[in-house]
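Enquirer: Structure in structure tokens, see below.
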Amino acid sequence: MSGTGGTPYAPHTDSETAAMLSAIGVDGEESLFDIPAAVAFDGEFGIEPRSERDIRAECSRMFARNDDLVEFLGRGHYGHYVPSVVDHLADRAEFLTSYTQYQPEVSQGFLQALFEYQSMLVELTGLPVANCSMYDAATALGEAATLADRVRSTSGDVVLVPDHLREGKRAVLSNYCAGAELTVESYPMADGNADVEALADRAGDDVVMVYAESPTVRGCVEERLAEIGDVAADADALFTLGSDPVSLSVLQEPASVGADVVVGEAGALGLPTAYGMGLGLFACRDEFLRQVPGRLVGAGEDAAGDRAFTLTLQTREQHIRKERATSNICTNQAWVALRAAIHAATLGPDGLVDLANDCVRGAESLADRLGDVQGAAAPVHDRHHVREFVVRVDQPAVAIAEDLEAEGFAVHPIGEHLLQVCVTDLNAERTDGLVAAFEEVI
């Protein structure tokens with residue numbers, strides 16, 4: 001069919017288009033749009049045509065203006081070495097060009113990969129249900145709060161979160177809660193971990209969900225998770241635990257400490273540090289199966305009796321009646337979840353544990369070295385740490401961070417005299433330089 005105005009993609013003949021325009025009383029398609037002249041396309045883009053070589057050279061010059069810093073940054077965004085096999089497999093055309101896997105007849109490969117991703121999260125969390133990905137950790141936390149509001153049997157509208165919760169994550173959670181008429185409140189911390197006694201004093205019938213993290217945003221391993229779970233259970237509140245798949249390979253299994261839901265950033269696997277691009281994990285107990293946001297991939301049998309995979313649950317409003325939807329999440333991170341699954345499978349169980357242990361040992365070693373620098377003390381919190389820790393400095397933290405940046409290193413200032421440092425396998429070989437820079441600037 002020919003398209004109107006030379007557009008070959010509109011499935012109408014010229015006569016059909018003319019009949020529709022006549023029926024609504026306009027002369028042409030342009031009459032259907034009110035585009036201000038200032039932004040209307042005048043036929044020229046104003047971009048000088050250049051060769052591919054010239055454009056690549058210009059981009060190279062532009063990128064060269066970026067600061068070349070060694071990042072010791074964390075606080076929820078973690079970079080680990082991504083094996084090249086992840087790119088080689090995930091960049092195959094059938095994965096890159098695939099849309100949501102609605103048609104199982106042509107999507108078996110991708111559906112199986114997502115099923116394996118879910119299965120890995122089930123093993124790591126001990127919870128029997130995991131969806132095939134969320135946007136990021138913050139939106140997964142927001143979805144956990146609205147799930148808690150739906151499933152909790154008694155009244156309550158307060159979501160309790162750690163006082164140290166990262167500001168951006170709390171802002172997303174508050175946005176979710178505002179729509180559900182929930183209130184977000186904080187409970188205090190004690191030496192980097194939850195003040196469980198203060199939490200118990202605050203938790204009551206008005207609490208719908210208790211959220212804790214391990215590791216915390218400051219890298220501390222939460223030591224009293226089971227007690228936090230008991231506090232939530234006593235208040236008839238949902239216990240949601242935040243973590244990541246690398247940490248989960250060596251820390252307490254969430255199901256064993258009473259977690260009802262586990263959320264977090266699964267992009268610690270399969271993704272370079274993106275500071276904005278994420279992959280949210282979401283796992284929960286069986287009784288919340290029908291309340292899981294997003295999608296679930298399930299395994300069954302086809303007509304020939306062979307194992308087959310399909311999207312078994314899609315509870316967003318695009319698929320079912322809006323009043324029955326659990327979420328307005330519009331997509332998922334299928335390709336990113338694929339990358340995480342390939343990365344995890346490449347490492348294997350032993351490799352994942354080795355990576356996590358390196359994160360523990362690396363943080364401990366670097367904290368000891370920085371703590372020996374005159375004018376600095378580390379780690380501030382007397383806890384076990386994963387990847388990151390806090391350093392107290394005698395001088396203003398912002399000034400120290402700026403001086404370290406001038407030396408080529410990036411760290412987080414998080415208080416008047418507090419810096420946060422994160423070490424992984426990607427920057428571990430640069431720790432000597434960081435320690436030397438600390439000694440120089442302090």
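FYI, nothing fancy with the structure tokens labels: chains A, B, ... in order, residues from 1 per chain, ligands from 1 as they appear.
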Please, which residues of stretch 136-372 of chain A, numbered as in this document, come out strand (DSSP E or B) from DSSP, as an MDAnalysis selection string?
Expert: chainID A and resid 158:162 183:187 189:190 193:194 207:213 220 238:243 261:265 280:284 295:301 307:314 316 327
Enquirer: Give one line per residue of stretch 36-132 of chain A that approaches stretch 379-402 of chain A to at most 10 Å, naming the two atoms of the closest pair and their distance in Å to one decimal, counting only C-alpha atoms; sort by chain then ascending residue number and deliver it as a Markdown table.
Expert:
| residue | atom | partner | partner_atom | distance |
| --- | --- | --- | --- | --- |
| A:Phe72 | CA | A:Glu388 | CA | 8.7 |
| A:Leu73 | CA | A:Glu388 | CA | 8.5 |
| A:Gly74 | CA | A:Glu388 | CA | 7.0 |
| A:Arg75 | CA | A:Glu388 | CA | 8.0 |
| A:Tyr78 | CA | A:Arg387 | CA | 8.7 |
Enquirer: Might you pull out every residue within 8 Å of A:Gln333, with only C-alpha atoms counted and same-chain residues fewer than 2 positions away left off, and present them as a compact mmCIF listing (two decimals) with N, CA and C atoms, in the first residue's frame?
Expert:
# COMPACT_ATOMS: atom_id res chain seq x y z
N CYS A 132 11.00 -11.22 36.65
CA CYS A 132 12.08 -11.16 35.67
C CYS A 132 12.55 -9.73 35.46
N SER A 133 12.63 -8.98 36.55
CA SER A 133 13.35 -7.71 36.69
C SER A 133 12.46 -6.49 36.82
N MET A 134 13.04 -5.49 37.52
CA MET A 134 12.43 -4.18 37.72
C MET A 134 13.40 -3.14 37.15
N TYR A 135 12.98 -1.87 37.21
CA TYR A 135 13.84 -0.81 36.67
C TYR A 135 15.17 -0.73 37.44
N LEU A 279 19.18 -2.27 37.38
CA LEU A 279 18.44 -3.52 37.20
C LEU A 279 17.90 -3.90 38.57
N THR A 331 7.54 -1.56 31.64
CA THR A 331 8.39 -2.51 30.94
C THR A 331 9.22 -3.25 31.99
N TRP A 335 16.82 -7.23 28.80
CA TRP A 335 18.16 -7.40 28.24
C TRP A 335 19.23 -7.25 29.31
N VAL A 336 18.99 -6.35 30.27
CA VAL A 336 19.95 -6.17 31.35
C VAL A 336 19.92 -7.39 32.28
N ALA A 337 18.73 -7.94 32.52
CA ALA A 337 18.63 -9.16 33.32
C ALA A 337 19.35 -10.31 32.62
Enquirer: Give me, please, the distance in Å between atom CA of A:Glu181 and atom CA of A:Ala148, quoted to one decimal.
Expert: 12.5 Å
Enquirer: Do a neighbour search on stretch 92-107 of chain A at 10 Å with only C-alpha atoms, toss out local chain neighbours closer than 5 positions, and write the hits as an NGL selection string.
Expert: :A and (87 or 112 or 114 or 297 or 302 or 308-311 or 314 or 331-335 or 338)
Enquirer: Give me the residues within 9 Å of stretch 340-357 of chain A as a ChimeraX atom specification, counting only C-alpha atoms and dropping any in the same chain fewer than 5 places off.
Expert: /A:80,82-83,85-86,89-90,113-114,116-118,120,245-250,266-271,279,335,362,386-387,424-425
Enquirer: For stretch 221-231 of chain A, find every residue with an atom within 6 Å (counting only C-alpha atoms), except residues of its own chain fewer than 4 positions away, and show them as a CSV table (one decimal) with C-alpha atoms, in the first residue's frame.
Expert:
chain,number,residue,atom,x,y,z
A,193,ASN,CA,23.6,-0.6,61.7
A,200,ALA,CA,11.0,-2.0,68.2
A,214,SER,CA,22.6,-5.5,54.3
A,215,PRO,CA,25.0,-4.2,53.3
A,239,PHE,CA,9.8,-7.2,56.3
A,257,VAL,CA,15.9,-14.2,58.8
A,258,GLY,CA,12.2,-13.8,58.1
A,384,HIS,CA,32.2,-6.0,58.9
A,385,HIS,CA,32.0,-4.3,55.5
Enquirer: List the neighbours of A:Arg369 out to 9 Å using only C-alpha atoms; skip same-chain residues closer than 5 positions along the sequence, and give me the result as number ranges by chain.
Expert: A: 364, 378, 435
